[in-house]
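Visitor: Pasting in a structure now, in structure tokens, and then I'll have a few things to ask.
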Amino acid sequence: MPDHSETPHPKVFISYSHDDENHQKRILGLAERLRSDGFETMIDQYVEGTPPQGWPRWMLNQIEWVDYVLLVCTEIYYRRFQGHEAPELGKGVDWEGAVITNELYDKKSVSRRFVPVVFDSRDSCYIPKPVQSFSLHVLNSKSAYIKLTDYLAGVAGVQPAELGPPPNRKRKTGTPLRFGESAGADSTTSVRASTVPDFAALAVPGGTMPADDKFYIERGADQSAKAAAARSCETIIVRGPHQFGKSSLLAHYVALCRANGKAVASVNFSTFEKGTISDYGRFLTMLASQLARRLRLAAPACELKTQQQFLEFLESALLPALNGPVIFAFDETDRILRQDYAQDFFSMVRMWHDDRADPMLEWHRVGLALASSSEPKLFITDAVRSPFSVGLRLHLEPFTDREVAELNTRYGSPLLASDCRSLHRLVGGHPFLTQDAYYKLFGPDSIPFPLLCTQAARDDGPFGEHLRAMLSNILAAEGLLAAIKQVIDHGTVPRNDDFYRLEGAGLVRRENDWIVPTNLIYKEFFRSV
């Protein structure tokens with residue numbers, strides 16, 4: 001650690017990428033704040049024109065001269081630091097990354113000089129590999145800034161109290177077993193054991209989570225769904241990438257609707273056979289039968305060959321048989337969006353939504369809930385005919401750092417706080433991968449946390465089955481493998497449609513003007529394919 005008794009003003013260099021004008025202004029503001037607080041801070045913006053010795057030597061001298069180097073991590077910074085940027089872009093960060101990596105290599109990664117920081121916790125997945133083991137500072141509050149400057153000033157942590165006299169205690173002795181008498185149980189041990197989850201009995205992650213599952217983590221969309229379930233019938237759209245919890249949220253919404261006195265007919269289109277899905281008449285007949293069965297009413301007496309016959313069954317037989325409000329909940333609507341009749345079917349569903357405004361029609365007491373991973377506008381080009389462009393839209397986001405920490409608490413806090421942050425950076429808050437990680441760590445065939453991290457992106461690693469399934473789906477769609485590789489290398493896609501398909505699969509997300517992989521696992525895995 002630098003000796004600040006000889007250098008009362010700690011010297012700091014900020015390494016960053018020129019993402020855009022706003023980012024450069026924020027870096028300048030950070031440098032100015034540090035200097036005003038007594039830290040001799042240097043950034044390239046302080047240089048007039050070009051340094052006499054040239055930029056490469058200037059950067060090298062700065063890194064050698066200072067006590068600390070702040071690495072402001074963003075997706076662009078990560079790409080350039082790792083050397084994955086186009087050759088003509090980001091030469092400064094590329095050079096600084098090489099210098100920092102070489103120093104850490106020479107010192108066997110033992111150093112406190114290099115400090116990764118982010119302005120937004122969502123950028124925590126973009127920490128360059130050589131410094132991923134170092135403490136990350138998220139500069140999103142005054143207290144976080146003070147924590148960083150305490151570290152730079154060498155006053156982080158708490159001064160330990162003076163040691164008292166050595167403890168003078170004797171070991172406890174046991175009591176010999178007396179046959180015919182029951183051994184006394186230690187109540188403290190029993191209570192503690194009862195609070196530790198039985199990891200060997202954990203359910204394998206995947207599929208819909210029950211509403212009372214103790215490991216289900218509520219997000220902002222859950223609160224909106226609770227409020228909607230308590231209101232009169234309306235339309236809600238549940239959107240989110242594959243395996244982000246759409247079916248679970250829809251199931252919870254349905255349960256809340258029932259608790260509020262509404263009848264519910266919930267249909268999952270993934271259960272329909274391919275032959276049924278591909279034929280509109282057979283599909284409508286099956287859907288009518290499913291709705292009737294869920295509501296414990298009589299199914300159609302014969303096959304419904306047209307959409308008009310399907311509507312007549314609903315309006316003349318099914319809805320009049322109900323006394324109160326009813327919810328039609330459709331899961332896995334992606335299967336229908338890809339059919340030739342999708343425009344006709346969803347135009348009819350949009351009509352149900354619009355007809356709710358007329359109290360003389362049966363539809364005024366019908367609520368709708370639709371869940372989808374796909375971008376509907378790829379299949380329904382006219383927004384006026386789409387039910388996905390109306391109503392309450394609930395979009396499922398990745399888990400935050402705080403939500404991963406909450407899940408850790410529900411498991412009995414088996415991971416340290418630093419490990420929780422590392423797990424969040426690794427999987428990018430992906431809900432299924434987060435739950436699956438805990439199963440891999442603490443289920444029947446548990447593995448150590450460091451091993452899970454190092455092997456996470458391997459096709460034979462802890463997430464291998466999931467990654468192989470993702471790859472199979474990508475290879476089945478023409479051009480998608482090339483598209484995700486372009487995302488990894490350049491932050492762009494060949495066509496907008498490619499983005500929506502990759503986003504629906506949960507593989508990419510949009511970040512400012514860039515498209516980035518959802519997490520580090522996908523990034524490393526698809527780069528090596």
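By order of appearance in the structure tokens: chains A, B, ..., then residues from 1 within every chain, and ligands from 1 in the order shown.
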Env of Ile43 of chain A: 9 Å cut, atoms = only C-alpha atoms, seq-sep filter 6 positions within chain, self excluded. Answer as number ranges by chain.
Guide: A: 12-16, 27-28, 31
Visitor: For the structure I just gave you, how does DSSP split segment 216-257 of chain A - specifically, which residues are strand (DSSP E or B)? Reply as a ChimeraX atom specification.
Guide: /A:235-239
Visitor: Could the residues in this selection be written to a file with N, CA and C atoms, as a short mmCIF file (atom, residue, chain, number, x, y, z; two decimals), in the first residue's frame?
Guide:
data_model
loop_
_atom_site.label_atom_id
_atom_site.label_comp_id
_atom_site.auth_asym_id
_atom_site.auth_seq_id
_atom_site.Cartn_x
_atom_site.Cartn_y
_atom_site.Cartn_z
N THR A 235 -56.66 -5.89 -19.37
CA THR A 235 -55.72 -6.66 -20.18
C THR A 235 -54.32 -6.42 -19.65
N ILE A 236 -53.59 -7.50 -19.38
CA ILE A 236 -52.19 -7.37 -18.99
C ILE A 236 -51.34 -8.20 -19.96
N ILE A 237 -50.19 -7.66 -20.29
CA ILE A 237 -49.25 -8.31 -21.20
C ILE A 237 -47.97 -8.58 -20.40
N VAL A 238 -47.59 -9.83 -20.29
CA VAL A 238 -46.36 -10.21 -19.58
C VAL A 238 -45.29 -10.50 -20.62
N ARG A 239 -44.27 -9.65 -20.66
CA ARG A 239 -43.20 -9.80 -21.63
C ARG A 239 -41.88 -10.03 -20.91
#
Visitor: Among segment 246-492 of chain A, which residues does DSSP mark as alpha helix (DSSP H) when it is run on the backbone? Keep the chain and numbering as in the structure and answer as an NGL selection string.
Guide: :A and (246-259 or 274-278 or 280-294 or 307-313 or 334-337 or 342-355 or 401-410 or 417-427 or 431-442 or 449-454 or 464-476 or 480-490)
Visitor: What are the closest atom pairs, with distances in Å to one decimal, for each residue of segment 230-327 of chain A lying within 12 Å of segment 356-363 of chain A, using only C-alpha atoms, rows by chain and rising residue number, as JSON lines?
Guide:
{"residue": "A:Ser232", "atom": "CA", "partner": "A:Arg356", "partner_atom": "CA", "distance": 11.0}
{"residue": "A:Cys233", "atom": "CA", "partner": "A:Arg356", "partner_atom": "CA", "distance": 8.7}
{"residue": "A:Glu234", "atom": "CA", "partner": "A:Arg356", "partner_atom": "CA", "distance": 8.5}
{"residue": "A:Thr235", "atom": "CA", "partner": "A:Arg356", "partner_atom": "CA", "distance": 10.0}
{"residue": "A:Leu311", "atom": "CA", "partner": "A:Trp363", "partner_atom": "CA", "distance": 11.3}
{"residue": "A:Glu312", "atom": "CA", "partner": "A:Glu362", "partner_atom": "CA", "distance": 11.6}
{"residue": "A:Leu314", "atom": "CA", "partner": "A:Glu362", "partner_atom": "CA", "distance": 9.2}
{"residue": "A:Glu315", "atom": "CA", "partner": "A:Glu362", "partner_atom": "CA", "distance": 6.7}
{"residue": "A:Ser316", "atom": "CA", "partner": "A:Glu362", "partner_atom": "CA", "distance": 9.2}
{"residue": "A:Ala317", "atom": "CA", "partner": "A:Glu362", "partner_atom": "CA", "distance": 10.9}
{"residue": "A:Leu318", "atom": "CA", "partner": "A:Glu362", "partner_atom": "CA", "distance": 10.0}
{"residue": "A:Leu319", "atom": "CA", "partner": "A:Glu362", "partner_atom": "CA", "distance": 6.5}
{"residue": "A:Pro320", "atom": "CA", "partner": "A:Glu362", "partner_atom": "CA", "distance": 7.2}
{"residue": "A:Ala321", "atom": "CA", "partner": "A:Glu362", "partner_atom": "CA", "distance": 10.6}
{"residue": "A:Leu322", "atom": "CA", "partner": "A:Glu362", "partner_atom": "CA", "distance": 9.8}
{"residue": "A:Asn323", "atom": "CA", "partner": "A:Glu362", "partner_atom": "CA", "distance": 10.6}
{"residue": "A:Gly324", "atom": "CA", "partner": "A:Glu362", "partner_atom": "CA", "distance": 10.4}
{"residue": "A:Pro325", "atom": "CA", "partner": "A:Trp363", "partner_atom": "CA", "distance": 9.4}
{"residue": "A:Val326", "atom": "CA", "partner": "A:Trp363", "partner_atom": "CA", "distance": 9.4}
{"residue": "A:Ile327", "atom": "CA", "partner": "A:Trp363", "partner_atom": "CA", "distance": 10.5}
Visitor: Ala329 of chain A: which residues within 10 Å, counting only C-alpha atoms, same-chain residues fewer than 4 positions away excluded, as a list in words?
Guide: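 What passes the distance filter is Thr235, Ile236, Ile237, Leu250, Ala251, Tyr253, Val254, Val264, Ala265, Ser266, Val267, Asn268, Leu291, Gly367, Leu368, Ala369, Leu370 and Ala371 of chain A.
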Visitor: I need the residues from that last selection saved to file as a short mmCIF file (atom, residue, chain, number, x, y, z; two decimals), in the first residue's frame (with C-alpha atoms), if you can.
Guide:
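Written out: selection.cif:
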data_model
loop_
_atom_site.label_atom_id
_atom_site.label_comp_id
_atom_site.auth_asym_id
_atom_site.auth_seq_id
_atom_site.Cartn_x
_atom_site.Cartn_y
_atom_site.Cartn_z
CA THR A 235 -55.72 -6.66 -20.18
CA ILE A 236 -52.19 -7.37 -18.99
CA ILE A 237 -49.25 -8.31 -21.20
CA LEU A 250 -48.73 -15.32 -14.92
CA ALA A 251 -49.53 -18.19 -12.52
CA TYR A 253 -51.51 -13.31 -11.22
CA VAL A 254 -54.06 -16.04 -11.93
CA VAL A 264 -60.08 -18.09 -14.44
CA ALA A 265 -59.48 -20.10 -17.60
CA SER A 266 -55.71 -20.50 -17.99
CA VAL A 267 -54.35 -22.11 -21.15
CA ASN A 268 -50.72 -22.93 -21.94
CA LEU A 291 -61.52 -22.87 -21.78
CA GLY A 367 -60.06 -9.87 -18.48
CA LEU A 368 -57.11 -10.96 -20.62
CA ALA A 369 -53.58 -11.99 -19.68
CA LEU A 370 -51.04 -12.82 -22.42
CA ALA A 371 -47.45 -13.97 -21.89
#
Visitor: List the spatial neighbours of Leu378 of chain A as a list in words - criterion: any atom at most 10 Å away, only C-alpha atoms, same-chain residues fewer than 3 positions off excluded.
Guide: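 Here the answer would be Leu337, Arg338, Ser374, Glu375, Thr381, Asn496, Asp497, Tyr500 and Arg501 of chain A.
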Visitor: Contacts of segment 394-408 of chain A at 10 Å or less, counting only C-alpha atoms, minus same-chain residues fewer than 6 places along, as an NGL selection string?
Guide: :A and (121-122 or 124 or 214-225 or 236-241 or 244-246 or 249 or 371 or 414-425 or 427-432 or 434-435 or 438 or 506 or 518)
Visitor: Which neighbours of Asp20 of chain A fall inside 12 Å, counting only C-alpha atoms, when residues of the same chain fewer than 5 positions from it are skipped, and could you give them as an NGL selection string?
Guide: :A and (25-27 or 74 or 76-77 or 512-514)
Visitor: Hey, what's within 10 Å of Met59 of chain A if we count only C-alpha atoms and toss same-chain stuff fewer than 2 positions away? As a list in words, please?
Guide: Phe13, Ser15, Ile43, Asp44, Pro51, Gln53, Gly54, Trp55, Pro56, Arg57, Asn61, Gln62, Ile63, Glu64, Trp65, Gly92, Val93, Trp95, Glu96 and Val99 of chain A
Visitor: Using Å and a single decimal, report how far atom CA of Phe39 of chain A sits from atom CA of Pro8 of chain A.
Guide: 8.9 Å
